[in-house]
>>> print(open('work.pdb').read())   # PDB, C-alpha atoms, pLDDT in the B column
ATOM      1  CA  MET A   1       6.169  19.649   1.188  1.00 84.00           C
ATOM      2  CA  GLN A   2       5.535  21.228  -2.202  1.00 90.00           C
ATOM      3  CA  ASN A   3       7.144  19.701  -5.243  1.00 93.00           C
ATOM      4  CA  ASP A   4       7.305  19.910  -9.014  1.00 95.00           C
ATOM      5  CA  VAL A   5       6.943  16.203  -9.716  1.00 96.00           C
ATOM      6  CA  ARG A   6       3.702  16.630 -11.640  1.00 96.00           C
ATOM      7  CA  THR A   7       5.139  19.396 -13.792  1.00 95.00           C
ATOM      8  CA  LEU A   8       8.240  17.377 -14.598  1.00 95.00           C
ATOM      9  CA  ARG A   9       6.228  14.223 -15.242  1.00 96.00           C
ATOM     10  CA  GLU A  10       3.819  15.937 -17.610  1.00 95.00           C
ATOM     11  CA  ALA A  11       6.703  17.601 -19.421  1.00 95.00           C
ATOM     12  CA  GLU A  12       8.011  14.142 -20.231  1.00 93.00           C
ATOM     13  CA  GLY A  13       4.583  12.883 -21.249  1.00 95.00           C
ATOM     14  CA  LEU A  14       4.538  10.207 -18.555  1.00 94.00           C
ATOM     15  CA  SER A  15       1.494   8.893 -16.756  1.00 94.00           C
ATOM     16  CA  GLN A  16       1.549   8.469 -12.999  1.00 94.00           C
ATOM     17  CA  ALA A  17       1.576   4.701 -13.503  1.00 91.00           C
ATOM     18  CA  ALA A  18       4.506   4.889 -15.896  1.00 93.00           C
ATOM     19  CA  LEU A  19       6.533   7.045 -13.543  1.00 95.00           C
ATOM     20  CA  GLY A  20       5.661   4.774 -10.645  1.00 93.00           C
ATOM     21  CA  SER A  21       6.744   1.753 -12.607  1.00 90.00           C
ATOM     22  CA  ALA A  22      10.030   3.435 -13.495  1.00 93.00           C
ATOM     23  CA  LEU A  23      10.682   4.246  -9.840  1.00 94.00           C
ATOM     24  CA  GLY A  24       9.432   0.971  -8.383  1.00 91.00           C
ATOM     25  CA  VAL A  25       6.453   2.444  -6.562  1.00 92.00           C
ATOM     26  CA  SER A  26       2.722   2.439  -7.156  1.00 91.00           C
ATOM     27  CA  ARG A  27       0.685   4.960  -9.095  1.00 92.00           C
ATOM     28  CA  GLN A  28      -1.016   5.778  -5.800  1.00 92.00           C
ATOM     29  CA  THR A  29       2.309   6.768  -4.274  1.00 94.00           C
ATOM     30  CA  ILE A  30       3.132   9.066  -7.189  1.00 95.00           C
ATOM     31  CA  ASN A  31      -0.282  10.710  -6.860  1.00 94.00           C
ATOM     32  CA  SER A  32       0.192  11.182  -3.111  1.00 95.00           C
ATOM     33  CA  ILE A  33       3.606  12.768  -3.687  1.00 96.00           C
ATOM     34  CA  GLU A  34       2.277  15.106  -6.357  1.00 96.00           C
ATOM     35  CA  THR A  35      -0.611  16.246  -4.183  1.00 94.00           C
ATOM     36  CA  GLY A  36       1.690  16.824  -1.237  1.00 92.00           C
ATOM     37  CA  LYS A  37      -0.043  14.252   0.945  1.00 93.00           C
ATOM     38  CA  TYR A  38       3.043  12.042   1.193  1.00 94.00           C
ATOM     39  CA  ASP A  39       6.697  13.005   1.430  1.00 94.00           C
ATOM     40  CA  PRO A  40       8.963  10.415  -0.226  1.00 95.00           C
ATOM     41  CA  SER A  41      11.830   8.778   1.571  1.00 95.00           C
ATOM     42  CA  LEU A  42      15.330  10.046   0.867  1.00 95.00           C
ATOM     43  CA  PRO A  43      16.182   7.161  -1.509  1.00 95.00           C
ATOM     44  CA  LEU A  44      12.964   7.702  -3.441  1.00 96.00           C
ATOM     45  CA  ALA A  45      13.471  11.470  -3.580  1.00 96.00           C
ATOM     46  CA  ILE A  46      16.959  10.925  -4.967  1.00 96.00           C
ATOM     47  CA  ALA A  47      15.611   8.380  -7.469  1.00 96.00           C
ATOM     48  CA  ILE A  48      13.001  10.920  -8.612  1.00 96.00           C
ATOM     49  CA  ALA A  49      15.666  13.585  -9.017  1.00 96.00           C
ATOM     50  CA  ARG A  50      17.905  11.241 -10.998  1.00 96.00           C
ATOM     51  CA  HIS A  51      15.001  10.197 -13.198  1.00 95.00           C
ATOM     52  CA  PHE A  52      14.369  13.792 -14.155  1.00 95.00           C
ATOM     53  CA  ARG A  53      18.089  14.563 -14.336  1.00 95.00           C
ATOM     54  CA  THR A  54      17.986  17.268 -11.713  1.00 95.00           C
ATOM     55  CA  THR A  55      18.546  17.659  -7.960  1.00 95.00           C
ATOM     56  CA  VAL A  56      16.293  17.000  -4.966  1.00 94.00           C
ATOM     57  CA  GLU A  57      16.363  20.684  -4.036  1.00 94.00           C
ATOM     58  CA  GLU A  58      15.134  21.657  -7.484  1.00 93.00           C
ATOM     59  CA  ILE A  59      12.092  19.401  -7.150  1.00 94.00           C
ATOM     60  CA  PHE A  60      11.087  19.543  -3.490  1.00 94.00           C
ATOM     61  CA  HIS A  61      10.481  22.807  -1.664  1.00 90.00           C
ATOM     62  CA  VAL A  62       9.994  23.239   2.061  1.00 85.00           C
ATOM     63  CA  ASP A  63       6.653  24.930   2.779  1.00 71.00           C
TER      64      ASP A  63
ATOM     65  CA  MET B   1      26.749   9.734  -0.943  1.00 45.00           C
ATOM     66  CA  SER B   2      29.138   8.906  -3.797  1.00 43.00           C
ATOM     67  CA  THR B   3      27.966   9.849  -7.238  1.00 43.00           C
ATOM     68  CA  GLU B   4      30.679   8.048  -9.097  1.00 43.00           C
ATOM     69  CA  HIS B   5      29.492   5.218 -11.248  1.00 42.00           C
ATOM     70  CA  SER B   6      31.038   1.801 -10.953  1.00 41.00           C
ATOM     71  CA  PRO B   7      33.228   1.031 -13.949  1.00 41.00           C
ATOM     72  CA  ALA B   8      31.249  -2.133 -14.449  1.00 42.00           C
ATOM     73  CA  THR B   9      27.966  -0.261 -14.653  1.00 42.00           C
ATOM     74  CA  PRO B  10      27.015   0.396 -18.270  1.00 44.00           C
ATOM     75  CA  THR B  11      25.553   3.709 -19.366  1.00 45.00           C
ATOM     76  CA  ALA B  12      23.442   4.434 -22.401  1.00 44.00           C
ATOM     77  CA  PRO B  13      25.388   5.692 -25.422  1.00 47.00           C
ATOM     78  CA  ASP B  14      25.385   9.472 -25.864  1.00 49.00           C
ATOM     79  CA  ALA B  15      23.806   9.750 -22.461  1.00 45.00           C
ATOM     80  CA  GLY B  16      26.130  12.438 -21.060  1.00 50.00           C
ATOM     81  CA  PRO B  17      28.169  12.529 -17.874  1.00 50.00           C
ATOM     82  CA  ASP B  18      25.237  12.886 -15.512  1.00 48.00           C
ATOM     83  CA  ALA B  19      23.066  10.135 -16.928  1.00 45.00           C
ATOM     84  CA  ALA B  20      21.884   7.436 -14.592  1.00 45.00           C
ATOM     85  CA  PRO B  21      23.502   4.099 -15.338  1.00 45.00           C
ATOM     86  CA  GLU B  22      21.438   1.490 -17.116  1.00 45.00           C
ATOM     87  CA  ARG B  23      20.556  -1.357 -14.840  1.00 45.00           C
ATOM     88  CA  ALA B  24      20.060  -4.955 -15.812  1.00 46.00           C
ATOM     89  CA  ALA B  25      16.420  -6.020 -15.735  1.00 49.00           C
ATOM     90  CA  SER B  26      15.611  -7.064 -12.190  1.00 51.00           C
ATOM     91  CA  PRO B  27      12.688  -9.214 -11.113  1.00 55.00           C
ATOM     92  CA  THR B  28       9.553  -7.422 -10.045  1.00 60.00           C
ATOM     93  CA  PRO B  29       8.940  -7.302  -6.280  1.00 59.00           C
ATOM     94  CA  ALA B  30       6.207  -9.904  -6.708  1.00 62.00           C
ATOM     95  CA  ALA B  31       8.434 -12.294  -8.629  1.00 62.00           C
ATOM     96  CA  ALA B  32      11.259 -11.835  -6.144  1.00 63.00           C
ATOM     97  CA  ASN B  33       9.208 -12.969  -3.167  1.00 75.00           C
ATOM     98  CA  THR B  34       6.947 -15.574  -4.770  1.00 80.00           C
ATOM     99  CA  LEU B  35       8.562 -18.438  -2.872  1.00 83.00           C
ATOM    100  CA  GLY B  36       8.338 -16.625   0.451  1.00 83.00           C
ATOM    101  CA  TRP B  37       4.746 -15.629  -0.173  1.00 83.00           C
ATOM    102  CA  THR B  38       3.799 -19.176  -1.160  1.00 86.00           C
ATOM    103  CA  LEU B  39       5.472 -20.630   1.918  1.00 87.00           C
ATOM    104  CA  GLY B  40       3.686 -18.043   4.040  1.00 87.00           C
ATOM    105  CA  LEU B  41       0.350 -18.992   2.514  1.00 88.00           C
ATOM    106  CA  LEU B  42       0.968 -22.687   3.128  1.00 90.00           C
ATOM    107  CA  GLY B  43       2.072 -21.919   6.667  1.00 91.00           C
ATOM    108  CA  GLY B  44      -1.106 -19.941   7.226  1.00 90.00           C
ATOM    109  CA  ALA B  45      -3.187 -22.830   5.955  1.00 92.00           C
ATOM    110  CA  ALA B  46      -1.337 -25.234   8.230  1.00 93.00           C
ATOM    111  CA  GLY B  47      -1.861 -22.881  11.140  1.00 92.00           C
ATOM    112  CA  ALA B  48      -5.580 -22.612  10.482  1.00 91.00           C
ATOM    113  CA  ILE B  49      -5.903 -26.392  10.353  1.00 92.00           C
ATOM    114  CA  ALA B  50      -3.819 -26.791  13.504  1.00 92.00           C
ATOM    115  CA  LEU B  51      -6.007 -24.248  15.299  1.00 91.00           C
ATOM    116  CA  PHE B  52      -9.125 -26.109  14.208  1.00 91.00           C
ATOM    117  CA  LEU B  53      -7.732 -29.403  15.508  1.00 91.00           C
ATOM    118  CA  ALA B  54      -6.701 -27.778  18.770  1.00 91.00           C
ATOM    119  CA  LEU B  55     -10.129 -26.235  19.367  1.00 89.00           C
ATOM    120  CA  ASN B  56     -12.272 -29.066  18.015  1.00 89.00           C
ATOM    121  CA  GLY B  57     -14.043 -30.772  20.876  1.00 86.00           C
ATOM    122  CA  ARG B  58     -12.388 -28.554  23.482  1.00 86.00           C
ATOM    123  CA  SER B  59     -13.996 -25.184  22.843  1.00 83.00           C
ATOM    124  CA  PRO B  60     -17.554 -24.003  23.405  1.00 81.00           C
ATOM    125  CA  GLY B  61     -20.056 -23.930  20.587  1.00 84.00           C
ATOM    126  CA  ASN B  62     -18.604 -24.034  17.107  1.00 87.00           C
ATOM    127  CA  MET B  63     -15.483 -22.026  17.901  1.00 86.00           C
ATOM    128  CA  ALA B  64     -13.304 -24.517  16.024  1.00 89.00           C
ATOM    129  CA  GLY B  65     -15.391 -24.191  12.872  1.00 90.00           C
ATOM    130  CA  GLY B  66     -15.460 -20.429  13.223  1.00 89.00           C
ATOM    131  CA  ALA B  67     -11.693 -20.258  13.569  1.00 88.00           C
ATOM    132  CA  LEU B  68     -11.265 -22.437  10.486  1.00 90.00           C
ATOM    133  CA  ALA B  69     -13.725 -20.342   8.489  1.00 91.00           C
ATOM    134  CA  GLY B  70     -12.031 -17.132   9.595  1.00 88.00           C
ATOM    135  CA  GLY B  71      -8.628 -18.464   8.695  1.00 89.00           C
ATOM    136  CA  ALA B  72      -9.843 -19.642   5.308  1.00 91.00           C
ATOM    137  CA  THR B  73     -11.388 -16.222   4.666  1.00 90.00           C
ATOM    138  CA  VAL B  74      -8.074 -14.537   5.414  1.00 87.00           C
ATOM    139  CA  LEU B  75      -6.196 -16.915   3.125  1.00 89.00           C
ATOM    140  CA  VAL B  76      -8.637 -16.307   0.279  1.00 89.00           C
ATOM    141  CA  ALA B  77      -8.325 -12.553   0.797  1.00 86.00           C
ATOM    142  CA  VAL B  78      -4.535 -12.877   0.702  1.00 84.00           C
ATOM    143  CA  ALA B  79      -4.677 -14.869  -2.524  1.00 86.00           C
ATOM    144  CA  ILE B  80      -7.014 -12.344  -4.135  1.00 84.00           C
ATOM    145  CA  GLY B  81      -4.793  -9.499  -2.973  1.00 81.00           C
ATOM    146  CA  ARG B  82      -1.782 -11.194  -4.502  1.00 82.00           C
ATOM    147  CA  TRP B  83      -3.596 -11.735  -7.782  1.00 79.00           C
ATOM    148  CA  ARG B  84      -4.672  -8.085  -7.932  1.00 78.00           C
ATOM    149  CA  ALA B  85      -1.233  -6.822  -6.975  1.00 76.00           C
ATOM    150  CA  VAL B  86       0.457  -8.936  -9.650  1.00 75.00           C
ATOM    151  CA  ARG B  87      -2.065  -9.049 -12.505  1.00 75.00           C
ATOM    152  CA  ARG B  88      -3.832  -5.745 -11.957  1.00 70.00           C
ATOM    153  CA  ALA B  89      -0.992  -3.720 -10.473  1.00 66.00           C
ATOM    154  CA  ASP B  90      -2.277  -0.482 -11.964  1.00 67.00           C
ATOM    155  CA  LYS B  91      -5.596  -0.912 -10.196  1.00 70.00           C
ATOM    156  CA  ALA B  92      -4.436  -2.538  -6.967  1.00 74.00           C
ATOM    157  CA  GLY B  93      -4.698  -0.468  -3.807  1.00 82.00           C
ATOM    158  CA  SER B  94      -2.613  -0.495  -0.662  1.00 84.00           C
ATOM    159  CA  THR B  95      -4.596  -3.327   0.885  1.00 79.00           C
ATOM    160  CA  ALA B  96      -4.183  -5.577  -2.168  1.00 77.00           C
ATOM    161  CA  ARG B  97      -0.465  -4.824  -2.323  1.00 79.00           C
ATOM    162  CA  TRP B  98      -0.040  -5.692   1.354  1.00 79.00           C
ATOM    163  CA  LEU B  99      -2.048  -8.890   1.045  1.00 73.00           C
ATOM    164  CA  GLY B 100      -0.019  -9.749  -2.037  1.00 74.00           C
ATOM    165  CA  ALA B 101       3.236  -9.032  -0.178  1.00 73.00           C
ATOM    166  CA  VAL B 102       4.319  -6.328  -2.653  1.00 78.00           C
ATOM    167  CA  PRO B 103       3.907  -3.089  -0.682  1.00 85.00           C
ATOM    168  CA  ASP B 104       5.833   0.033  -1.623  1.00 88.00           C
ATOM    169  CA  GLU B 105       7.210   2.579   0.818  1.00 93.00           C
ATOM    170  CA  ARG B 106       3.974   4.528   1.126  1.00 94.00           C
ATOM    171  CA  ASP B 107       2.033   1.326   1.863  1.00 92.00           C
ATOM    172  CA  ASP B 108       4.615   0.554   4.540  1.00 92.00           C
ATOM    173  CA  ASP B 109       4.177   4.019   6.023  1.00 93.00           C
ATOM    174  CA  VAL B 110       0.387   3.698   6.065  1.00 94.00           C
ATOM    175  CA  LEU B 111       0.515   0.327   7.820  1.00 93.00           C
ATOM    176  CA  THR B 112       3.072   1.540  10.360  1.00 95.00           C
ATOM    177  CA  ARG B 113       0.898   4.494  11.296  1.00 96.00           C
ATOM    178  CA  ALA B 114      -2.207   2.303  11.458  1.00 96.00           C
ATOM    179  CA  LEU B 115      -0.444  -0.177  13.741  1.00 97.00           C
ATOM    180  CA  ALA B 116       0.569   2.700  15.996  1.00 97.00           C
ATOM    181  CA  VAL B 117      -3.117   3.498  16.467  1.00 97.00           C
ATOM    182  CA  VAL B 118      -3.800  -0.194  17.163  1.00 97.00           C
ATOM    183  CA  GLY B 119      -1.093  -0.098  19.787  1.00 97.00           C
ATOM    184  CA  TYR B 120      -2.704   2.801  21.597  1.00 97.00           C
ATOM    185  CA  VAL B 121      -6.097   1.111  21.498  1.00 97.00           C
ATOM    186  CA  ALA B 122      -4.602  -2.210  22.642  1.00 97.00           C
ATOM    187  CA  VAL B 123      -3.126  -0.675  25.769  1.00 97.00           C
ATOM    188  CA  MET B 124      -6.360   1.069  26.700  1.00 96.00           C
ATOM    189  CA  ALA B 125      -8.577  -1.882  25.787  1.00 95.00           C
ATOM    190  CA  SER B 126      -6.547  -4.380  27.776  1.00 95.00           C
ATOM    191  CA  CYS B 127      -6.666  -2.118  30.841  1.00 95.00           C
ATOM    192  CA  LEU B 128     -10.417  -1.778  30.421  1.00 94.00           C
ATOM    193  CA  ALA B 129     -10.760  -5.550  30.020  1.00 94.00           C
ATOM    194  CA  VAL B 130      -8.966  -6.142  33.313  1.00 93.00           C
ATOM    195  CA  VAL B 131     -11.315  -3.734  35.068  1.00 94.00           C
ATOM    196  CA  LEU B 132     -14.379  -5.347  33.515  1.00 92.00           C
ATOM    197  CA  VAL B 133     -13.281  -8.855  34.477  1.00 92.00           C
ATOM    198  CA  ALA B 134     -12.509  -7.788  38.038  1.00 93.00           C
ATOM    199  CA  ALA B 135     -15.477  -5.515  38.646  1.00 93.00           C
ATOM    200  CA  THR B 136     -18.345  -7.148  36.766  1.00 91.00           C
ATOM    201  CA  SER B 137     -19.956 -10.529  36.471  1.00 90.00           C
ATOM    202  CA  TRP B 138     -19.572 -10.551  32.701  1.00 89.00           C
ATOM    203  CA  ASN B 139     -18.144 -13.649  31.079  1.00 90.00           C
ATOM    204  CA  PRO B 140     -14.353 -13.177  31.116  1.00 91.00           C
ATOM    205  CA  LEU B 141     -13.988 -15.303  27.967  1.00 87.00           C
ATOM    206  CA  ALA B 142     -16.362 -12.993  26.133  1.00 90.00           C
ATOM    207  CA  ILE B 143     -14.433  -9.927  27.277  1.00 90.00           C
ATOM    208  CA  VAL B 144     -11.083 -11.378  26.253  1.00 89.00           C
ATOM    209  CA  GLY B 145     -12.558 -12.759  23.058  1.00 86.00           C
ATOM    210  CA  ALA B 146     -13.757  -9.303  22.070  1.00 92.00           C
ATOM    211  CA  LEU B 147     -10.242  -7.864  22.179  1.00 93.00           C
ATOM    212  CA  PRO B 148      -8.984  -9.356  18.882  1.00 91.00           C
ATOM    213  CA  ALA B 149     -12.130  -8.241  17.117  1.00 90.00           C
ATOM    214  CA  LEU B 150     -11.751  -4.741  18.541  1.00 94.00           C
ATOM    215  CA  LEU B 151      -8.112  -4.513  17.501  1.00 95.00           C
ATOM    216  CA  LEU B 152      -8.749  -5.921  14.030  1.00 91.00           C
ATOM    217  CA  GLY B 153     -11.562  -3.460  13.541  1.00 94.00           C
ATOM    218  CA  THR B 154      -9.297  -0.660  14.717  1.00 96.00           C
ATOM    219  CA  LEU B 155      -6.625  -1.763  12.249  1.00 94.00           C
ATOM    220  CA  VAL B 156      -9.058  -1.855   9.336  1.00 92.00           C
ATOM    221  CA  ILE B 157     -10.574   1.536  10.099  1.00 95.00           C
ATOM    222  CA  SER B 158      -7.296   3.299  10.873  1.00 96.00           C
ATOM    223  CA  PHE B 159      -5.661   1.796   7.753  1.00 94.00           C
ATOM    224  CA  ALA B 160      -8.526   3.010   5.576  1.00 93.00           C
ATOM    225  CA  VAL B 161      -8.534   6.509   7.067  1.00 95.00           C
ATOM    226  CA  ILE B 162      -4.761   6.966   6.946  1.00 94.00           C
ATOM    227  CA  ASN B 163      -4.594   5.517   3.425  1.00 92.00           C
ATOM    228  CA  ARG B 164      -7.233   7.964   2.264  1.00 91.00           C
ATOM    229  CA  ARG B 165      -5.566  10.943   3.890  1.00 91.00           C
ATOM    230  CA  SER B 166      -1.984  10.284   2.802  1.00 89.00           C
TER     231      SER B 166
END
>>> encode(input="work.pdb", output="structure tokens")
Amino acid sequence: MQNDVRTLREAEGLSQAALGSALGVSRQTINSIETGKYDPSLPLAIAIARHFRTTVEEIFHVD
Amino acid sequence: MSTEHSPATPTAPDAGPDAAPERAASPTPAAANTLGWTLGLLGGAAGAIALFLALNGRSPGNMAGGALAGGATVLVAVAIGRWRAVRRADKAGSTARWLGAVPDERDDDVLTRALAVVGYVAVMASCLAVVLVAATSWNPLAIVGALPALLLGTLVISFAVINRRS
């Protein structure tokens, strides 16, 4: 599933580790999400959307 | 899912109506399960010693010593994993986080998928072991004894491959 997590993260000047720490997951998980290798769970997707003050649909796009 | 905030949940000043509520500082996952992890480690040590005592003098060769050494190796690996997951969290990988009992959801997913592979292999290997014991003159203890090693090796390899690919 494609997503805009990297774009949003870089726009806020956050590192992958910093975003992971804010969301309670590892840097590795953030990297896997950004590269499309791992799709987050629903709670994590919602937490990501809330962190960036947007909606899940705005961030994650079905291929 | 309700989006209304609890009246008792504070929000940052000037944050706007859609801002996420501030949350009180909560313990890290490692701090929250330190007692459980410590008890697990002590239980593992007790189990290794109990296994040694059970096998000592009753098993062929130095099986008792080997079991104790293997158990001690696992416990040391667990302790190192915990240290890396807590002190070097930014550098810790999935294996260290699992050994340190602080996995995140992706680590959980990787392990679940790896264990599924182990399950497939276990079913096939146990069927093959039965055939080998029944149809050959090979030492049954050696055949059965190879199963844990086979399954552990399968777990390690499948975990590494799935972790790399996801």
>>> closest_residue(input="work.pdb", among="B:Gly36, B:Val161, B:Leu51, B:Glu105", to="Ile30 of chain A", atoms="all atoms listed in the file")
B:Glu105
>>> atom_distance(input="work.pdb", atom1="atom CA of Ala69 of chain B", atom2="atom CA of Phe159 of chain B")
23.6 Å
>>> residues_around(input="work.pdb", residues="segment 41-44 of chain A", least_positions_apart="6", cutoff="9 Å", atoms="all atoms listed in the file", output="PDB file with C-alpha atoms, keeping the file's coordinate frame")
ATOM      1  CA  LEU A  23      10.682   4.246  -9.840  1.00 94.00           C
ATOM      2  CA  VAL A  25       6.453   2.444  -6.562  1.00 92.00           C
TER       3      VAL A  25
ATOM      4  CA  GLU B 105       7.210   2.579   0.818  1.00 93.00           C
ATOM      5  CA  ARG B 106       3.974   4.528   1.126  1.00 94.00           C
TER       6      ARG B 106
END
>>> interface_residues(input="work.pdb", of="chain A", to="chain B", cutoff="12 Å", atoms="only C-alpha atoms", output="count of residues only")
41
>>> closest_residue(input="work.pdb", among="B:Ser59, B:Thr154, B:Thr95, B:Thr112", to="Leu141 of chain B", atoms="all atoms listed in the file")
B:Ser59
>>> atom_distance(input="work.pdb", atom1="atom CA of Val123 of chain B", atom2="atom CA of Val144 of chain B")
13.3 Å
>>> resolve_selection(input="work.pdb", expression="the PyMOL selection byres ((chain B and resi 41) around 12)", output="NGL selection string")
:B and (34-40 or 42-48 or 71-72 or 74-80 or 82 or 99-101)
>>> atom_distance(input="work.pdb", atom1="atom CA of Leu53 of chain B", atom2="atom CA of Gly66 of chain B")
12.1 Å
>>> residues_around(input="work.pdb", residues="Ala125 of chain B", least_positions_apart="5", cutoff="12 Å", atoms="all atoms listed in the file", output="PDB file with C-alpha atoms, in the frame of the given file")
ATOM      1  CA  VAL B 118      -3.800  -0.194  17.163  1.00 97.00           C
ATOM      2  CA  GLY B 119      -1.093  -0.098  19.787  1.00 97.00           C
ATOM      3  CA  TYR B 120      -2.704   2.801  21.597  1.00 97.00           C
ATOM      4  CA  VAL B 130      -8.966  -6.142  33.313  1.00 93.00           C
ATOM      5  CA  VAL B 131     -11.315  -3.734  35.068  1.00 94.00           C
ATOM      6  CA  LEU B 132     -14.379  -5.347  33.515  1.00 92.00           C
ATOM      7  CA  ILE B 143     -14.433  -9.927  27.277  1.00 90.00           C
ATOM      8  CA  VAL B 144     -11.083 -11.378  26.253  1.00 89.00           C
ATOM      9  CA  GLY B 145     -12.558 -12.759  23.058  1.00 86.00           C
ATOM     10  CA  ALA B 146     -13.757  -9.303  22.070  1.00 92.00           C
ATOM     11  CA  LEU B 147     -10.242  -7.864  22.179  1.00 93.00           C
ATOM     12  CA  PRO B 148      -8.984  -9.356  18.882  1.00 91.00           C
ATOM     13  CA  ALA B 149     -12.130  -8.241  17.117  1.00 90.00           C
ATOM     14  CA  LEU B 150     -11.751  -4.741  18.541  1.00 94.00           C
ATOM     15  CA  LEU B 151      -8.112  -4.513  17.501  1.00 95.00           C
ATOM     16  CA  THR B 154      -9.297  -0.660  14.717  1.00 96.00           C
TER      17      THR B 154
END
>>> axis_aligned_box(input="work.pdb", around="segment 23-31 of chain A", padding_each_side="8 Å", output="lines of an AutoDock Vina configuration file")
center_x = 4.8
center_y = 5.8
center_z = -7.1
size_x = 27.7
size_y = 25.7
size_z = 21.6
>>> resolve_selection(input="work.pdb", expression="the PyMOL selection byres ((chain A and resi 62) around 9)", output="list of chain:residue names")
A:Met1, A:Gln2, A:Asn3, A:Phe60, A:His61, A:Asp63
>>> write_last_selection(input="work.pdb", atoms="C-alpha atoms", output="PDB file, in the coordinates of the input")
ATOM      1  CA  MET A   1       6.169  19.649   1.188  1.00 84.00           C
ATOM      2  CA  GLN A   2       5.535  21.228  -2.202  1.00 90.00           C
ATOM      3  CA  ASN A   3       7.144  19.701  -5.243  1.00 93.00           C
ATOM      4  CA  PHE A  60      11.087  19.543  -3.490  1.00 94.00           C
ATOM      5  CA  HIS A  61      10.481  22.807  -1.664  1.00 90.00           C
ATOM      6  CA  ASP A  63       6.653  24.930   2.779  1.00 71.00           C
TER       7      ASP A  63
END
